[in-house]
Every structure is written in structure tokens, then in C-alpha cells.
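> Below is the structure I would like to discuss, written out as C-alpha cells.
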Amino acid sequence: MTSRREFITLVGGAAAWPIAARAQQPAMPVVGFLQSGSLAATAHTRAAFHSGLREGGYVEGQNVGIIYRYADGQYDRLPFLAADLISNNVVAIFAGGPPATRAAKEATTTKPIIFTTGDPVTSGLVASLNRPGGNLTGVAFFAALLGAKQFGLLRELVPNAVTIGMLVNPNFPDAPTTVADGQAAARAEGLELQVFHTSNEGELVAAFADMRKRRIDAVVVVADIFFDSRRDQVVALASRHTIPAIYPWRDYVMAGGLMSYGTSLTDGYRQAGNYVARILRGAQPSDLPVVRPTQFELVINLKAAKALGLTVPPTLQVAADEVIE
């Protein structure tokens with residue numbers, strides 16, 4: 001017989017709170033929090049989500065309960081975790097990332113779902129940005145637009161680059177779209193793109209060795225929890241093989257990576273938390289337009305650039321939101 005502690009671990013790890021949720025007074029609404037990543041890797045975005053809730057007048061434990069479920073990067077667990085949240089009678093679900101959003105959408109057509117994802121129209125999550133319809137709305141990051149900017153930044157930092165690599169997890173649901181967008185962005189910059197698929201640590205190590213062998217001039221690391229949960233290893237491999245890399249989020253640069261450009265995850269999660277608060281106050285998802293993060297971050301590590309033999313142009317340094325000496 002499976003013990004109760006073992007069951008809790010199976011459905012959400014140490015962050016699961018089914019007892020606390022059920023112990024709340026009936027008047028206190030309970031929200032589900034479904035995340036593709038792990039508790040540790042998403043601490044900063046979770047804090048931003050809580051900040052958005054507070055802006056809307058809700059504080060966990062005071063006037064709202066939250067049940068947390070983490071897939072720890074194992075996307076196949078998400079449908080089970082989403083169904084578990086529904087069984088706990090949550091009034092709404094926050095879904096962090098495309099895989100979690102799709103799992104939540106498949107789990108319910110009636111409970112409000114507030115997401116952070118890529119392009120929700122192209123992926124069929126909503127009818128339109130202004131009038132999403134149905135039971136989903138949230139924050140869209142639009143990776144295609146970011147990809148074009150990332151390739152342009154690499155071109156500026158590595159002006160002699162000819163061939164750019166793209167590190168992609170084939171198990172990521174939006175992988176085909178991401179690759180297509182990358183190919184279009186590379187063509188626009190007059191660059192050749194080579195895609196390196198990796199879905200486990202052995203393939204990750206082999207991919208960087210292969211990039212070195214093929215003389216890849218630089219690499220774009222795609223936004224995906226598989227890489228984010230291994231950011232120290234990814235940064236170390238890029239450094240070991242002396243391959244300039246651009247990452248989706250500043251955390252990679254803080255870990256020693258060269259450069260990052262992307263939407264502010266904390267800003268996006270704050271906006272999502274605020275939308276959850278509006279749902280709790282009675283708003284309908286179909287009436288809340290999908291929003292875009294208002295903050296974008298370019299972060300450059302001069303020490304990493306020097307180690308790679310690169311000189312960061314003054315124009316890039318001026319444009320950067322943060323330059324790490």
C-alpha cells in the first residue's frame with residue numbers, strides 16, 4: 001500500500017499542500033499552481049506570481065489558498081498533476097509554460113486557466129489576443145520575436161559568424177515552431193542554422209562536443225525548462241568548448257554565461273498573478289485580453305566575453321539593461 005507521504009510526493013513533491021488547502025474555510029478560494037519546472041528552479045517566478053496576487057488584494061493563507069504541483073521537467077506528468085488539481089476543486093489554475101498550459105486545457109473546459117506561454121493564438125489556446133474566448137487567458141511571451149532579436153545580437157557580438165547552432169529539446173511541445181522561427185531569423189541575418197536536439201544530459205554533453213567539431217560560431221539556447229534546470233551545466237559546456245551563447249533569461253548570465261535577451265519572467269509571472277486576482281474577484285477569462293510582458297532584458301557578462309576572446313561593442317554595452325564586470 002502506498003503511504004500518504006509517498007502519494008503526496010508523486011503528485012507534486014514537497015511543495016504540495018493538499019491538507020492545508022482542504023483545511024481552509026469554505027469562504028476562502030483555492031487556486032491551483034501548475035508548473036513544468038521544479039520548486040527550486042522557479043522560486044523567483046513564484047515570488048513574482050505572489051506579488052501580482054498581492055497587487056490584486058490576495059495573500060496566500062489570508063484570503064486565498066494555493067495548491068502547488070511541479071512536474072520537475074517531466075512533461076508526461078503534467079496531465080496527471082492537472083487532473084489532481086481539478087479533483088481538489090480549485091476555482092482556477094495558473095499554468096506556467098506551454099506544456100503546463102496544454103495539460104491544464106485538456107483537464108478542464110470550465111475552470112478558468114491563466115497561463116504564461118508562447119504564442120497562444122498559433123498554438124490554438126485562444127481565439128485571439130483581444131478576445132480569447134473560452135476559459136483561458138494570460139501572458140504571451142512570443143518567442144519568435146525574441147528569436148529574431150537574439151540572432152541580431154549574436155551577429156553584432158560575433159560579426160564574423162557564419163553558422164549558428166540552436167539547442168532544442170525535441171520533447172518541448174513548441175519545438176517545431178521554435179525551430180521554424182529560428183530558421184527564419186537566421187535567414188534574415190544571412191546566417192546558416194544548425195539544430196542540435198537534446199533531451200537528456202548525455203545528449204547535452206554530446207551536442208556541445210558536436211558543435212565544437214562542426215565549428216559552430218555561436219549558439220542560441222532555447223527557452224525550455226530542460227535547459228533552465230541545468231543552466232550551470234549548459235553554461236559550463238559552452239565555456240569549455242569556447243562557443244559564444246545567447247540565453248533566454250538573465251539567470252544564465254548570472255551563472256557565468258555570455259549574454260541573455262528575453263522577456264522578464266518575473267514581470268510576466270507578476271502579470272499572471274494579477275490576472276488570477278481579477279478572476280477571483282469575478283472576472284471571466286474570455287473578457288481578459290492576453291497581455292505581453294512589458295519588460296525585456298539584455299544582460300551581458302564582460303568577463304565571459306573576455307574569456308571567449310570577444311570584445312563587446314560599446315553600442316551593445318549601452319543598450320544592455322545590465323553589464324556584469
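Labels used: A, B, ... for chains in the order of the C-alpha cells, numbers from 1 for residues in each chain, and numbers from 1 for ligands as shown.
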As a list in words, which residues of range 106-246 of chain A does DSSP assign to strand (DSSP E)?

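Everything in range 106-246 of chain A that counts as strand (DSSP E) is Ile113, Ile114, Phe115, Thr116, Thr117, Leu136, Thr137, Gly138, Val139, Ala140, Thr163, Ile164, Gly165, Met166, Leu167, Val168, Glu192, Leu193, Gln194, Val195, Phe196, His197, Ala218, Val219, Val220, Val221, Ala245 and Ile246 of chain A.
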
> With a distance cut-off of 6 Å and only C-alpha atoms, select the neighbouring residues of range 70-79 of chain A, excluding the residue or stretch itself and same-chain residues fewer than 5 positions from it, and output the selection as a PyMOL selection string.

chain A and resi 12+35-38+103+226

> Glu325 in chain A: which residues within 12 Å, counting only C-alpha atoms, same-chain residues fewer than 2 positions away excluded, as a list in words?

Val253, Met254, Gly256, Leu258, Val299, Ile300, Asn301, Leu302, Lys303, Ala304, Ala305, Lys306, Val312, Gln317, Glu322 and Val323 of chain A

> Just N, CA and C atoms for this one: save the residues we selected as a short mmCIF file (atom, residue, chain, number, x, y, z; two decimals), in the first residue's frame.


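Done, and the output landed in result00.cif:
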```
data_model
loop_
_atom_site.label_atom_id
_atom_site.label_comp_id
_atom_site.auth_asym_id
_atom_site.auth_seq_id
_atom_site.Cartn_x
_atom_site.Cartn_y
_atom_site.Cartn_z
N VAL A 253 23.28 34.22 -17.34
CA VAL A 253 24.40 35.15 -17.30
C VAL A 253 24.92 35.29 -15.88
N MET A 254 24.01 35.31 -14.92
CA MET A 254 24.43 35.36 -13.52
C MET A 254 25.22 34.11 -13.14
N GLY A 256 27.38 32.81 -15.11
CA GLY A 256 28.64 32.86 -15.85
C GLY A 256 28.49 32.84 -17.35
N LEU A 258 27.44 34.13 -21.27
CA LEU A 258 27.89 35.31 -22.02
C LEU A 258 26.82 36.40 -22.10
N VAL A 299 21.25 41.29 -20.93
CA VAL A 299 22.29 41.22 -19.89
C VAL A 299 23.56 40.65 -20.53
N ILE A 300 24.69 41.30 -20.27
CA ILE A 300 25.96 40.90 -20.88
C ILE A 300 27.01 40.71 -19.79
N ASN A 301 27.80 39.65 -19.92
CA ASN A 301 28.86 39.33 -18.98
C ASN A 301 30.20 39.62 -19.65
N LEU A 302 30.85 40.72 -19.27
CA LEU A 302 32.11 41.11 -19.90
C LEU A 302 33.24 40.13 -19.59
N LYS A 303 33.22 39.55 -18.41
CA LYS A 303 34.24 38.57 -18.05
C LYS A 303 34.15 37.35 -18.94
N ALA A 304 32.92 36.88 -19.19
CA ALA A 304 32.72 35.72 -20.08
C ALA A 304 33.14 36.06 -21.50
N ALA A 305 32.85 37.29 -21.93
CA ALA A 305 33.24 37.71 -23.28
C ALA A 305 34.76 37.72 -23.43
N LYS A 306 35.45 38.22 -22.43
CA LYS A 306 36.91 38.26 -22.47
C LYS A 306 37.49 36.85 -22.54
N VAL A 312 33.07 43.31 -26.57
CA VAL A 312 31.68 43.74 -26.62
C VAL A 312 31.61 45.17 -27.13
N GLN A 317 26.94 47.54 -25.06
CA GLN A 317 27.04 47.82 -23.63
C GLN A 317 26.06 48.91 -23.21
N GLU A 322 21.84 45.42 -18.11
CA GLU A 322 22.82 45.13 -17.06
C GLU A 322 24.09 44.60 -17.69
N VAL A 323 25.22 45.14 -17.26
CA VAL A 323 26.53 44.68 -17.71
C VAL A 323 27.29 44.17 -16.50
#
```

> Write down as a PyMOL selection string the residues of range 28-150 of chain A whose backbone DSSP state falls under alpha helix (DSSP H).

chain A and resi 43-55+78-87+98-107+143-150

> May I have the residues within 7 Å of Ser264 in chain A as a list in words, using only C-alpha atoms and disregarding those fewer than 6 positions away in the same chain?

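Those residues are Pro293, Gln295, Phe296 and Glu297 of chain A.
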
> Keeping only C-alpha atoms, write the selected residues to a file as a compact mmCIF listing (two decimals), in the first residue's frame.


```
# COMPACT_ATOMS: atom_id res chain seq x y z
CA PRO A 293 5.27 41.31 -20.65
CA GLN A 295 9.87 44.42 -19.66
CA PHE A 296 12.66 42.97 -21.82
CA GLU A 297 16.18 42.36 -20.54
```

> What does the structure give for the distance between CA of Leu265 in chain A and CA of Ser229 in chain A, in Å to one decimal?

14.8 Å

> Take CA of Gly118 in chain A and CA of Ala140 in chain A and report the distance between them in Å, one decimal.

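So the two atoms, CA of Gly118 in chain A and CA of Ala140 in chain A, lie 5.2 Å apart.
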
> How many Å separate CA of Asp232 in chain A from CA of Asp321 in chain A?

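Between these atoms lies a distance of 21.9 Å.
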
> Nearest residue to Thr263 in chain A out of A:Pro314, A:Gly65, A:Gly147, A:Gly182, using only C-alpha atoms?

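Closest candidate: A:Gly147.
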
> A:Tyr68, A:Tyr261, A:Phe115, A:Trp249: which is nearest Lys149 in chain A, counting only C-alpha atoms?

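Looking only at the distances to Lys149 in chain A, the closest residue turns out to be A:Tyr261.
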
> Within 12 Å of Val59 in chain A, counting only C-alpha atoms, which residues show up once you throw out same-chain ones fewer than 6 positions away? Write them as an MDAnalysis selection string, please.

chainID A and resid 28:31 47 49:53 65:66 273:274 276:277 280

> Give me the residues near Ile114 in chain A as a list in words, where near means some atom within 7 Å (using only C-alpha atoms) and where sequence neighbours in that chain fewer than 5 positions away do not count.

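Contacts, in chain order: Ile93, Phe94, Ala95, Leu136, Thr137, Gly138, Ala272 and Val276 of chain A.
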
> Next, write the just-selected residues to a file, as a short mmCIF file (atom, residue, chain, number, x, y, z; two decimals), in the first residue's frame, keeping N, CA and C atoms as the atom set.


```cif
data_model
loop_
_atom_site.label_atom_id
_atom_site.label_comp_id
_atom_site.auth_asym_id
_atom_site.auth_seq_id
_atom_site.Cartn_x
_atom_site.Cartn_y
_atom_site.Cartn_z
N ILE A 93 -6.83 27.72 -12.25
CA ILE A 93 -5.50 27.13 -12.36
C ILE A 93 -4.56 28.14 -13.01
N PHE A 94 -3.41 28.34 -12.39
CA PHE A 94 -2.33 29.05 -13.07
C PHE A 94 -1.43 27.99 -13.69
N ALA A 95 -1.08 28.14 -14.98
CA ALA A 95 -0.23 27.18 -15.68
C ALA A 95 1.02 27.89 -16.20
N LEU A 136 -9.51 30.29 -21.10
CA LEU A 136 -8.07 30.57 -20.95
C LEU A 136 -7.74 32.02 -21.29
N THR A 137 -6.80 32.58 -20.54
CA THR A 137 -6.16 33.85 -20.88
C THR A 137 -4.86 33.92 -20.07
N GLY A 138 -4.10 34.98 -20.28
CA GLY A 138 -2.86 35.08 -19.53
C GLY A 138 -1.83 35.95 -20.21
N ALA A 272 0.56 37.57 -14.49
CA ALA A 272 -0.31 36.41 -14.38
C ALA A 272 -0.96 36.35 -13.00
N VAL A 276 -4.97 36.33 -12.01
CA VAL A 276 -5.63 35.38 -11.12
C VAL A 276 -6.47 36.14 -10.09
#
```
